[in-house]
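Engineer: Here you go, one structure.
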Amino acid sequence: MSSQTHLQFFQGNSLSDLFAQDIENESYALILNYPATATWAAYPNVQKYFLQDGSSEATKTSFDKICQKEPWKNLAVLGDMLPGVVISPPQHLLIKYWQEHFGFRDRKLEMMDCSTYLDDFNQSNHLSHAITLFPFDQLLPEKHAVHPDTHYRLLSKATLAQLGVPCPIYQTYELNQIDLEQIQLPSNYPYLIKTSHGLSGEGTYIIRSSSDLNYCLEELKKYLRIHLLETIIVSEFVKYEVHNYCVQFYINKAGEITLIGVTQQLVSPEGNYLGGLIDYTNDLSKFSQMILAVGQYAHQHGYFGVIGFDVLEDRDGNLYAIDANFRINGSTPLCLQRHVLLKHDKAIAKYSSDYRMEGTLDSILITLKSELERKDFLILSALEKVKYGKIYTEIYGIVTGKSLQDMQQIEQGLSSKGLQLTN
C-alpha cells in the first residue's frame, strides 16, 4: 500500500468513475440489490453468508425496498461505463429524468430475470466479476469481485476492533459455543447488543431497560430458530454523543485512497437510519488517521471499492468508530453530488429515503419542475404505489441549499407543494 500523506477528493460524480481505475481490463458489473432471506427471494442467503434482515417473514425487508427503491438509487448515479445488473427495472420516465439531470446518457443495464439472475451471471461469458454490496450464497466465489469469505468477514461488526481505529469496548460471542442465557451482560444500562450482519439498522438493539433486553433476546431467539445467526456483539454505549458521521472513501487495488465525503447521519430515536446531511466544504481532515488505518486494513485483506465507516463524536471531541461498511453506502449518491452542486453554489444537501408525494411520477415531475431544474431537489429513486384507490409515489431524494437555512426553506417550499417526509 502506498504511503499517502495528503488525501484527495474524488473528482467524478458517478460510481463508474469511482471504479474505472480498477475495472478497465476486465468485464465487471455491479449487482445493485442486496441478497435477502425472505421467501420471495429466488436466491435466499440461508446457507453461509447470513444476514439479519428481519426475524420473521412478516418483518423481513420487502421486495420493493431491496430490489427496486434501493438499487434504483445507485442506478441513478451509476454512470455510463460500469454495467448494472437490474432485476426489476425502473419506469422509463425515471430513467429519462436521470439522463436529463445526472447527465449519463448510456447507462449499461444488464437486464436479468429476478428468478434466474445469479444463474445467468454464473453462466455469463461476457461478465467476469460482480461487485456486490454483500456476498451471495449462490453466486460462484470466483464471480465475486472480492472473495466472498473475505467480504463477509470485513462486513461483520465483530471485525471493528481489528481495523486500528478507536472504537467502543465490546465482546464477541459465538452462539454455537455459548448459550444466550449464559452470556454475562453488563449490569448497568445503557449498552448495545448487535447481530454480526444486520441490514439497514436491523439487528442493532439499544438496551436501556429490562424490557429492551427482553425484546432483544426474543428477537435473537427468533433468528436462532430460523438458523440465520451465529455471532453477536455486546458493546458499551458511547455517552454524550454530539455528532454521528458516516465517513466515505474509495480504496483501489493498489491501496490508494480517494475521499468521497462525510455525512452527518440522521437516525431515529430507535436507531433506524433516516438519511444524511452533508456540507460539501468539509475537508475530512479530522478523520484522516482513521481513513488511513481502515484503508490499510482493507487493502491488506484484498478489498477494493467503497468503504463507509460510522463515527460518533462525544462532547469532548473524542471519535469512536461504531461500524464499518465495506460496500457502497446509503448516502454514497449524496456524496457524489459534491462537484455538481458546488458549481451551482449549493454547499449543503440532505438525503432521505422517506419522501412521499401524492400522484404519479409524471405528475410530480410537472409539479416540481422548477425545483428540479434549479437542482433544489434531486430524485434518486421513485416507486409508484396505490393505497385505498389513491396513487402516491415513494421517493428517495436530495434537497439542496446554499446554507442550512436556505436548504430548510427549500424543503418547506417543497412540502407546501405536497412533498412529505414520512419519518
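For the C-alpha cells, the naming scheme is as follows: chains receive sequential letters (A, B, ...) according to their order of presentation, residues are indexed from 1 within each chain, and ligands are indexed from 1 in presentation order.
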Which residues of region 257-337 of chain A sit at most 7 Å from region 162-182 of chain A, using only C-alpha atoms? Give each one's shortest atom pair and distance in Å (one decimal place), in chain and ascending residue order, as CSV.
Structural biologist:
residue,atom,partner,partner_atom,distance
A:Met290,CA,A:Val165,CA,5.7
A:Ala293,CA,A:Gly164,CA,5.7
A:Val294,CA,A:Leu163,CA,5.5
A:Tyr297,CA,A:Leu163,CA,6.0
A:Leu319,CA,A:Pro166,CA,6.9
A:Tyr320,CA,A:Cys167,CA,4.5
A:Ala321,CA,A:Cys167,CA,4.8
A:Ile322,CA,A:Cys167,CA,6.0
Engineer: Go ahead and write the selection's residues with N, CA, C and O atoms as a short mmCIF file (atom, residue, chain, number, x, y, z; two decimals), in the first residue's frame.
Structural biologist:
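Now in out.cif:
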data_model
loop_
_atom_site.label_atom_id
_atom_site.label_comp_id
_atom_site.auth_asym_id
_atom_site.auth_seq_id
_atom_site.Cartn_x
_atom_site.Cartn_y
_atom_site.Cartn_z
N MET A 290 -7.99 7.83 10.80
CA MET A 290 -8.92 6.71 10.80
C MET A 290 -9.09 6.16 9.38
O MET A 290 -9.12 4.95 9.18
N ALA A 293 -6.04 4.11 8.43
CA ALA A 293 -6.00 2.82 9.13
C ALA A 293 -6.99 1.82 8.53
O ALA A 293 -6.64 0.66 8.25
N VAL A 294 -8.23 2.27 8.30
CA VAL A 294 -9.25 1.37 7.72
C VAL A 294 -8.85 0.98 6.30
O VAL A 294 -8.99 -0.19 5.90
N TYR A 297 -6.08 -1.67 6.35
CA TYR A 297 -6.61 -2.98 6.72
C TYR A 297 -7.36 -3.61 5.54
O TYR A 297 -7.17 -4.80 5.23
N LEU A 319 -13.42 10.63 19.05
CA LEU A 319 -14.06 9.95 17.94
C LEU A 319 -14.04 8.44 18.17
O LEU A 319 -13.01 7.87 18.53
N TYR A 320 -15.19 7.79 17.92
CA TYR A 320 -15.30 6.34 18.09
C TYR A 320 -15.96 5.75 16.85
O TYR A 320 -17.09 6.11 16.51
N ALA A 321 -15.25 4.85 16.19
CA ALA A 321 -15.87 4.11 15.07
C ALA A 321 -16.84 3.09 15.66
O ALA A 321 -16.48 2.34 16.57
N ILE A 322 -18.07 3.08 15.15
CA ILE A 322 -19.06 2.14 15.70
C ILE A 322 -19.51 1.11 14.67
O ILE A 322 -20.19 0.15 15.01
#
Engineer: Mind checking which residues fall within 12 Å of Arg356 (chain A), counting only C-alpha atoms, ignoring those fewer than 6 positions away in the same chain, and posting them as a list in words?
Structural biologist: Ile364, Ile379, Ser381, Ala382, Leu383, Glu384, Lys385, Ile391, Tyr392, Thr393, Glu394, Ile395, Tyr396, Gly397, Leu414, Ser415, Lys417, Gly418, Leu419, Gln420, Leu421, Thr422 and Asn423 of chain A
Engineer: Please list as a VMD selection string every residue within 8 Å of region 85-94 of chain A, counting only C-alpha atoms and excluding residues in the same chain fewer than 3 positions away.
Structural biologist: chain A and resid 29 to 32 67 to 68 71 to 72 97 to 98 109 to 114 117 361 to 362 381 to 383
Engineer: A:Phe50, A:Phe104, A:Tyr388, A:Phe63: which is nearest Val77 (chain A), counting only C-alpha atoms?
Structural biologist: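 The shortest atom-to-atom distance to Val77 (chain A) comes from A:Phe104.
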Engineer: Out of A:Leu229, A:Phe134, A:Ile307, A:Tyr280, which residue has the shortest atom-to-atom distance to Thr150 (chain A) when counting only C-alpha atoms?
Structural biologist: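 For Thr150 (chain A), the nearest of the given residues is A:Phe134.
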Engineer: Could you please write out, as a PyMOL selection string, every residue of region 331-399 of chain A that DSSP assigns to helix (DSSP H, G or I)?
Structural biologist: chain A and resi 332-335+338-343+361-367+369-373
Engineer: I'd like to know which of A:Glu411, A:Asp149, A:Glu202, A:Glu256 is closest to Leu7 (chain A), using only C-alpha atoms.
Structural biologist: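 Among the listed residues, the smallest separation from Leu7 (chain A) belongs to A:Glu256.
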Engineer: Please provide as a list in words all residues within 7 Å of region 80-82 of chain A, with the sequence filter that same-chain residues fewer than 3 positions apart are discarded (counting only C-alpha atoms).
Structural biologist: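 Once the adjacent positions are removed, what remains is Ser16, Tyr28, Ala29, Phe104, Arg105, Asp106, Arg107 and Lys108 of chain A.
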Engineer: I'd like the neighbourhood of Thr61 (chain A) as a list in words, where a residue qualifies if any of its atoms comes within 12 Å (using only C-alpha atoms), though same-chain residues fewer than 5 positions away should be ignored.
Structural biologist: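 Selected residues are Tyr34, Pro35, Ala36, Thr37, Ala38, Thr39, Trp40, Ala41, Leu51, Gln52, Asp53, Gly54, Ser55, Ser56, Ile66, Cys67, Gln68, Lys69, Glu70, Gly198, Leu199, Ser200, Gly201 and Glu202 of chain A.
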Engineer: What would the file look like if the residues just selected were written as a CSV table (one decimal), in the first residue's frame with N, CA, C and O atoms?
Structural biologist:
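What follows is the written file result.csv:
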chain,number,residue,atom,x,y,z
A,34,TYR,N,-29.2,-6.1,-2.7
A,34,TYR,CA,-28.7,-6.9,-1.7
A,34,TYR,C,-29.3,-8.3,-1.9
A,34,TYR,O,-30.4,-8.5,-2.5
A,35,PRO,N,-28.7,-9.4,-1.3
A,35,PRO,CA,-29.4,-10.6,-1.1
A,35,PRO,C,-30.5,-10.5,-0.1
A,35,PRO,O,-30.6,-9.4,0.6
A,36,ALA,N,-31.3,-11.5,0.1
A,36,ALA,CA,-32.4,-11.4,1.1
A,36,ALA,C,-32.6,-12.8,1.6
A,36,ALA,O,-32.1,-13.8,1.1
A,37,THR,N,-33.4,-12.9,2.7
A,37,THR,CA,-33.6,-14.3,3.3
A,37,THR,C,-35.1,-14.6,3.3
A,37,THR,O,-35.5,-15.6,3.8
A,38,ALA,N,-35.9,-13.7,2.7
A,38,ALA,CA,-37.4,-13.8,2.7
A,38,ALA,C,-37.8,-14.9,1.7
A,38,ALA,O,-37.0,-15.3,0.8
A,39,THR,N,-39.0,-15.4,1.8
A,39,THR,CA,-39.5,-16.5,0.9
A,39,THR,C,-39.7,-16.0,-0.5
A,39,THR,O,-39.7,-16.8,-1.4
A,40,TRP,N,-39.8,-14.7,-0.7
A,40,TRP,CA,-40.0,-14.2,-2.0
A,40,TRP,C,-38.7,-14.2,-2.8
A,40,TRP,O,-38.7,-14.1,-4.0
A,41,ALA,N,-37.5,-14.3,-2.1
A,41,ALA,CA,-36.2,-14.3,-2.8
A,41,ALA,C,-36.0,-15.6,-3.6
A,41,ALA,O,-36.1,-16.7,-3.0
A,51,LEU,N,-27.4,-12.9,6.7
A,51,LEU,CA,-27.6,-11.5,7.1
A,51,LEU,C,-28.9,-11.5,7.8
A,51,LEU,O,-29.8,-12.3,7.7
A,52,GLN,N,-29.0,-10.5,8.7
A,52,GLN,CA,-30.2,-10.3,9.6
A,52,GLN,C,-31.1,-9.2,9.0
A,52,GLN,O,-30.8,-8.0,9.2
A,53,ASP,N,-32.1,-9.6,8.2
A,53,ASP,CA,-33.0,-8.7,7.5
A,53,ASP,C,-34.4,-8.8,8.0
A,53,ASP,O,-35.3,-8.5,7.3
A,54,GLY,N,-34.6,-9.3,9.2
A,54,GLY,CA,-35.9,-9.5,9.8
A,54,GLY,C,-36.0,-10.9,10.4
A,54,GLY,O,-35.6,-11.9,9.8
A,55,SER,N,-36.5,-10.9,11.6
A,55,SER,CA,-36.5,-12.2,12.4
A,55,SER,C,-37.7,-13.1,12.1
A,55,SER,O,-37.7,-14.2,12.5
A,56,SER,N,-38.7,-12.6,11.3
A,56,SER,CA,-39.8,-13.4,10.9
A,56,SER,C,-40.2,-12.9,9.5
A,56,SER,O,-39.8,-11.9,9.0
A,66,ILE,N,-35.6,-3.8,-1.3
A,66,ILE,CA,-34.3,-4.5,-1.7
A,66,ILE,C,-34.1,-4.5,-3.2
A,66,ILE,O,-33.0,-4.4,-3.7
A,67,CYS,N,-35.1,-4.7,-4.0
A,67,CYS,CA,-35.0,-4.9,-5.4
A,67,CYS,C,-35.4,-3.8,-6.3
A,67,CYS,O,-35.2,-3.8,-7.5
A,68,GLN,N,-36.0,-2.7,-5.7
A,68,GLN,CA,-36.5,-1.6,-6.5
A,68,GLN,C,-35.9,-0.3,-6.0
A,68,GLN,O,-35.0,0.3,-6.6
A,69,LYS,N,-36.4,0.2,-4.9
A,69,LYS,CA,-36.0,1.5,-4.4
A,69,LYS,C,-34.5,1.7,-4.1
A,69,LYS,O,-33.9,2.6,-4.6
A,70,GLU,N,-34.0,0.7,-3.4
A,70,GLU,CA,-32.5,0.8,-3.0
A,70,GLU,C,-31.6,0.7,-4.3
A,70,GLU,O,-30.7,1.5,-4.5
A,198,GLY,N,-26.4,-7.3,10.5
A,198,GLY,CA,-27.7,-6.7,10.4
A,198,GLY,C,-27.8,-5.7,9.2
A,198,GLY,O,-26.9,-5.0,8.9
A,199,LEU,N,-29.0,-5.7,8.6
A,199,LEU,CA,-29.2,-4.9,7.4
A,199,LEU,C,-30.0,-3.7,7.7
A,199,LEU,O,-31.1,-3.8,8.3
A,200,SER,N,-29.4,-2.5,7.3
A,200,SER,CA,-30.1,-1.2,7.5
A,200,SER,C,-30.6,-1.0,8.9
A,200,SER,O,-31.8,-0.6,9.1
A,201,GLY,N,-29.8,-1.2,9.9
A,201,GLY,CA,-30.2,-1.0,11.3
A,201,GLY,C,-30.8,-2.1,12.0
A,201,GLY,O,-30.9,-2.2,13.2
A,202,GLU,N,-31.3,-3.1,11.2
A,202,GLU,CA,-31.9,-4.3,11.8
A,202,GLU,C,-30.8,-5.0,12.5
A,202,GLU,O,-29.6,-5.1,12.1
Engineer: Which residue out of A:Lys73, A:Lys387, A:Lys239, A:Lys222 has the minimum interatomic distance to Ile95 (chain A) when only C-alpha atoms are used?
Structural biologist: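 For Ile95 (chain A), the nearest of the given residues is A:Lys73.
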Engineer: What gap, in Å, lies between CA of Asp119 (chain A) and CA of Val146 (chain A)?
Structural biologist: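 According to the coordinates, CA of Asp119 (chain A) and CA of Val146 (chain A) are separated by 18.5 Å.
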Engineer: Go ahead and compute the interatomic distance for CA of Tyr303 (chain A) and CA of Leu380 (chain A), in Å to one decimal.
Structural biologist: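 Straight-line distance from CA of Tyr303 (chain A) to CA of Leu380 (chain A) works out to 27.2 Å.
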Engineer: Please indicate the distance in Å from CA of Leu372 (chain A) to CA of Tyr351 (chain A), rounded to one decimal place.
Structural biologist: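 Pair CA of Leu372 (chain A) / CA of Tyr351 (chain A) returns 14.8 Å.
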Engineer: Would you mind writing down, as a list in words, each residue of region 47-198 of chain A that DSSP on the backbone assigns to strand (DSSP E)?
Structural biologist: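 For region 47-198 of chain A, the strand (DSSP E) set is Gly84, Val85, Val86, Leu109, Glu110, Met111, His129, Ala130, Ile131, Tyr170, Gln171, Thr172, Tyr173, Glu174, Tyr191, Leu192, Ile193, Lys194 and Thr195 of chain A.
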Engineer: Next, the residues of the selection above should be written as a PDB file, in the first residue's frame with N, CA, C and O atoms.
Structural biologist:
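Written output follows (again_8.pdb):
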ATOM      1  N   GLY A  84     -24.775  -2.218 -14.749  1.00  0.00           N
ATOM      2  CA  GLY A  84     -25.540  -2.502 -13.541  1.00  0.00           C
ATOM      3  C   GLY A  84     -26.535  -3.613 -13.804  1.00  0.00           C
ATOM      4  O   GLY A  84     -27.273  -3.576 -14.791  1.00  0.00           O
ATOM      5  N   VAL A  85     -26.549  -4.612 -12.932  1.00  0.00           N
ATOM      6  CA  VAL A  85     -27.488  -5.728 -13.070  1.00  0.00           C
ATOM      7  C   VAL A  85     -28.840  -5.306 -12.494  1.00  0.00           C
ATOM      8  O   VAL A  85     -28.959  -5.031 -11.300  1.00  0.00           O
ATOM      9  N   VAL A  86     -29.837  -5.245 -13.354  1.00  0.00           N
ATOM     10  CA  VAL A  86     -31.175  -4.785 -12.975  1.00  0.00           C
ATOM     11  C   VAL A  86     -32.132  -5.967 -13.043  1.00  0.00           C
ATOM     12  O   VAL A  86     -32.311  -6.565 -14.103  1.00  0.00           O
ATOM     13  N   LEU A 109     -27.223  -1.186 -18.782  1.00  0.00           N
ATOM     14  CA  LEU A 109     -28.078  -2.004 -17.932  1.00  0.00           C
ATOM     15  C   LEU A 109     -28.019  -3.460 -18.371  1.00  0.00           C
ATOM     16  O   LEU A 109     -28.224  -3.763 -19.548  1.00  0.00           O
ATOM     17  N   GLU A 110     -27.734  -4.325 -17.441  1.00  0.00           N
ATOM     18  CA  GLU A 110     -27.796  -5.766 -17.689  1.00  0.00           C
ATOM     19  C   GLU A 110     -29.128  -6.258 -17.136  1.00  0.00           C
ATOM     20  O   GLU A 110     -29.267  -6.529 -15.948  1.00  0.00           O
ATOM     21  N   MET A 111     -30.133  -6.296 -17.997  1.00  0.00           N
ATOM     22  CA  MET A 111     -31.469  -6.706 -17.562  1.00  0.00           C
ATOM     23  C   MET A 111     -31.496  -8.227 -17.385  1.00  0.00           C
ATOM     24  O   MET A 111     -31.237  -8.967 -18.328  1.00  0.00           O
ATOM     25  N   HIS A 129     -16.848 -10.579 -13.347  1.00  0.00           N
ATOM     26  CA  HIS A 129     -16.912 -10.389 -11.902  1.00  0.00           C
ATOM     27  C   HIS A 129     -18.075  -9.491 -11.522  1.00  0.00           C
ATOM     28  O   HIS A 129     -18.391  -8.532 -12.235  1.00  0.00           O
ATOM     29  N   ALA A 130     -18.647  -9.769 -10.355  1.00  0.00           N
ATOM     30  CA  ALA A 130     -19.723  -8.943  -9.812  1.00  0.00           C
ATOM     31  C   ALA A 130     -19.217  -8.160  -8.612  1.00  0.00           C
ATOM     32  O   ALA A 130     -18.699  -8.745  -7.653  1.00  0.00           O
ATOM     33  N   ILE A 131     -19.350  -6.844  -8.679  1.00  0.00           N
ATOM     34  CA  ILE A 131     -19.163  -6.002  -7.495  1.00  0.00           C
ATOM     35  C   ILE A 131     -20.473  -6.079  -6.713  1.00  0.00           C
ATOM     36  O   ILE A 131     -21.538  -5.823  -7.266  1.00  0.00           O
ATOM     37  N   TYR A 170     -16.055  -3.823  23.239  1.00  0.00           N
ATOM     38  CA  TYR A 170     -17.135  -4.790  23.019  1.00  0.00           C
ATOM     39  C   TYR A 170     -16.613  -6.212  23.151  1.00  0.00           C
ATOM     40  O   TYR A 170     -15.407  -6.465  23.082  1.00  0.00           O
ATOM     41  N   GLN A 171     -17.551  -7.114  23.329  1.00  0.00           N
ATOM     42  CA  GLN A 171     -17.240  -8.537  23.443  1.00  0.00           C
ATOM     43  C   GLN A 171     -18.028  -9.295  22.390  1.00  0.00           C
ATOM     44  O   GLN A 171     -19.213  -9.026  22.177  1.00  0.00           O
ATOM     45  N   THR A 172     -17.363 -10.230  21.726  1.00  0.00           N
ATOM     46  CA  THR A 172     -17.999 -11.034  20.686  1.00  0.00           C
ATOM     47  C   THR A 172     -18.335 -12.420  21.227  1.00  0.00           C
ATOM     48  O   THR A 172     -17.528 -13.022  21.947  1.00  0.00           O
ATOM     49  N   TYR A 173     -19.513 -12.914  20.866  1.00  0.00           N
ATOM     50  CA  TYR A 173     -19.946 -14.237  21.322  1.00  0.00           C
ATOM     51  C   TYR A 173     -20.395 -15.068  20.127  1.00  0.00           C
ATOM     52  O   TYR A 173     -21.213 -14.616  19.318  1.00  0.00           O
ATOM     53  N   GLU A 174     -19.848 -16.280  20.031  1.00  0.00           N
ATOM     54  CA  GLU A 174     -20.257 -17.239  19.003  1.00  0.00           C
ATOM     55  C   GLU A 174     -21.350 -18.129  19.608  1.00  0.00           C
ATOM     56  O   GLU A 174     -21.100 -18.852  20.584  1.00  0.00           O
ATOM     57  N   TYR A 191     -26.412  -0.124  27.092  1.00  0.00           N
ATOM     58  CA  TYR A 191     -25.383  -0.777  26.292  1.00  0.00           C
ATOM     59  C   TYR A 191     -26.049  -1.266  25.021  1.00  0.00           C
ATOM     60  O   TYR A 191     -27.258  -1.082  24.828  1.00  0.00           O
ATOM     61  N   LEU A 192     -25.278  -1.835  24.123  1.00  0.00           N
ATOM     62  CA  LEU A 192     -25.827  -2.300  22.854  1.00  0.00           C
ATOM     63  C   LEU A 192     -25.582  -3.786  22.665  1.00  0.00           C
ATOM     64  O   LEU A 192     -24.547  -4.312  23.080  1.00  0.00           O
ATOM     65  N   ILE A 193     -26.546  -4.439  22.021  1.00  0.00           N
ATOM     66  CA  ILE A 193     -26.360  -5.797  21.518  1.00  0.00           C
ATOM     67  C   ILE A 193     -26.584  -5.736  20.009  1.00  0.00           C
ATOM     68  O   ILE A 193     -27.592  -5.176  19.554  1.00  0.00           O
ATOM     69  N   LYS A 194     -25.634  -6.290  19.255  1.00  0.00           N
ATOM     70  CA  LYS A 194     -25.728  -6.242  17.797  1.00  0.00           C
ATOM     71  C   LYS A 194     -25.554  -7.637  17.218  1.00  0.00           C
ATOM     72  O   LYS A 194     -24.738  -8.428  17.709  1.00  0.00           O
ATOM     73  N   THR A 195     -26.308  -7.926  16.179  1.00  0.00           N
ATOM     74  CA  THR A 195     -26.023  -9.122  15.386  1.00  0.00           C
ATOM     75  C   THR A 195     -24.893  -8.775  14.413  1.00  0.00           C
ATOM     76  O   THR A 195     -24.658  -7.605  14.105  1.00  0.00           O
TER      77      THR A 195
END
Engineer: Find the residue from A:Ile328, A:Leu312, A:Leu220, A:Ile226 that sits nearest to Asn244 (chain A); use only C-alpha atoms when measuring.
Structural biologist: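 Smallest distance to Asn244 (chain A) is found for A:Leu312.
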Engineer: Quick one: of A:Cys216, A:Gln337, A:Tyr49, A:Ser211, who's nearest to Pro141 (chain A), counting only C-alpha atoms?
Structural biologist: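 Closest to Pro141 (chain A) of all the choices is A:Tyr49.
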Engineer: Pick out the residues sitting within 12 Å of Asn125 (chain A), and hand them over as a ChimeraX atom specification; count only C-alpha atoms, and ignore anything fewer than 4 positions along from it in its own chain.
Structural biologist: /A:26-28,120-121,129,143
Engineer: Would you list the contacts of Asn188 (chain A) as a JSON list (two decimals) with N, CA and C atoms, in the first residue's frame, taking every protein, DNA or RNA residue within 12 Å and counting only C-alpha atoms, but skipping same-chain residues closer than 6 positions in sequence?
Structural biologist:
[["chain", "number", "residue", "atom", "x", "y", "z"],
["A", 207, "ILE", "N", -29.99, -1.17, 24.58],
["A", 207, "ILE", "CA", -30.58, -1.73, 25.80],
["A", 207, "ILE", "C", -30.56, -0.67, 26.89],
["A", 208, "ARG", "N", -31.72, -0.06, 27.13],
["A", 208, "ARG", "CA", -31.85, 0.98, 28.16],
["A", 208, "ARG", "C", -32.67, 0.51, 29.36],
["A", 209, "SER", "N", -33.28, -0.66, 29.23],
["A", 209, "SER", "CA", -34.15, -1.15, 30.30],
["A", 209, "SER", "C", -34.30, -2.66, 30.18],
["A", 210, "SER", "N", -34.90, -3.25, 31.18],
["A", 210, "SER", "CA", -35.12, -4.70, 31.14],
["A", 210, "SER", "C", -36.09, -5.07, 30.02],
["A", 213, "LEU", "N", -34.15, -5.30, 26.88],
["A", 213, "LEU", "CA", -33.37, -6.54, 26.87],
["A", 213, "LEU", "C", -34.25, -7.74, 26.54],
["A", 236, "GLU", "N", -20.22, -1.43, 24.66],
["A", 236, "GLU", "CA", -20.51, -0.29, 25.51],
["A", 236, "GLU", "C", -21.20, 0.80, 24.68],
["A", 237, "PHE", "N", -21.91, 1.66, 25.35],
["A", 237, "PHE", "CA", -22.67, 2.75, 24.72],
["A", 237, "PHE", "C", -21.85, 4.03, 24.82]]
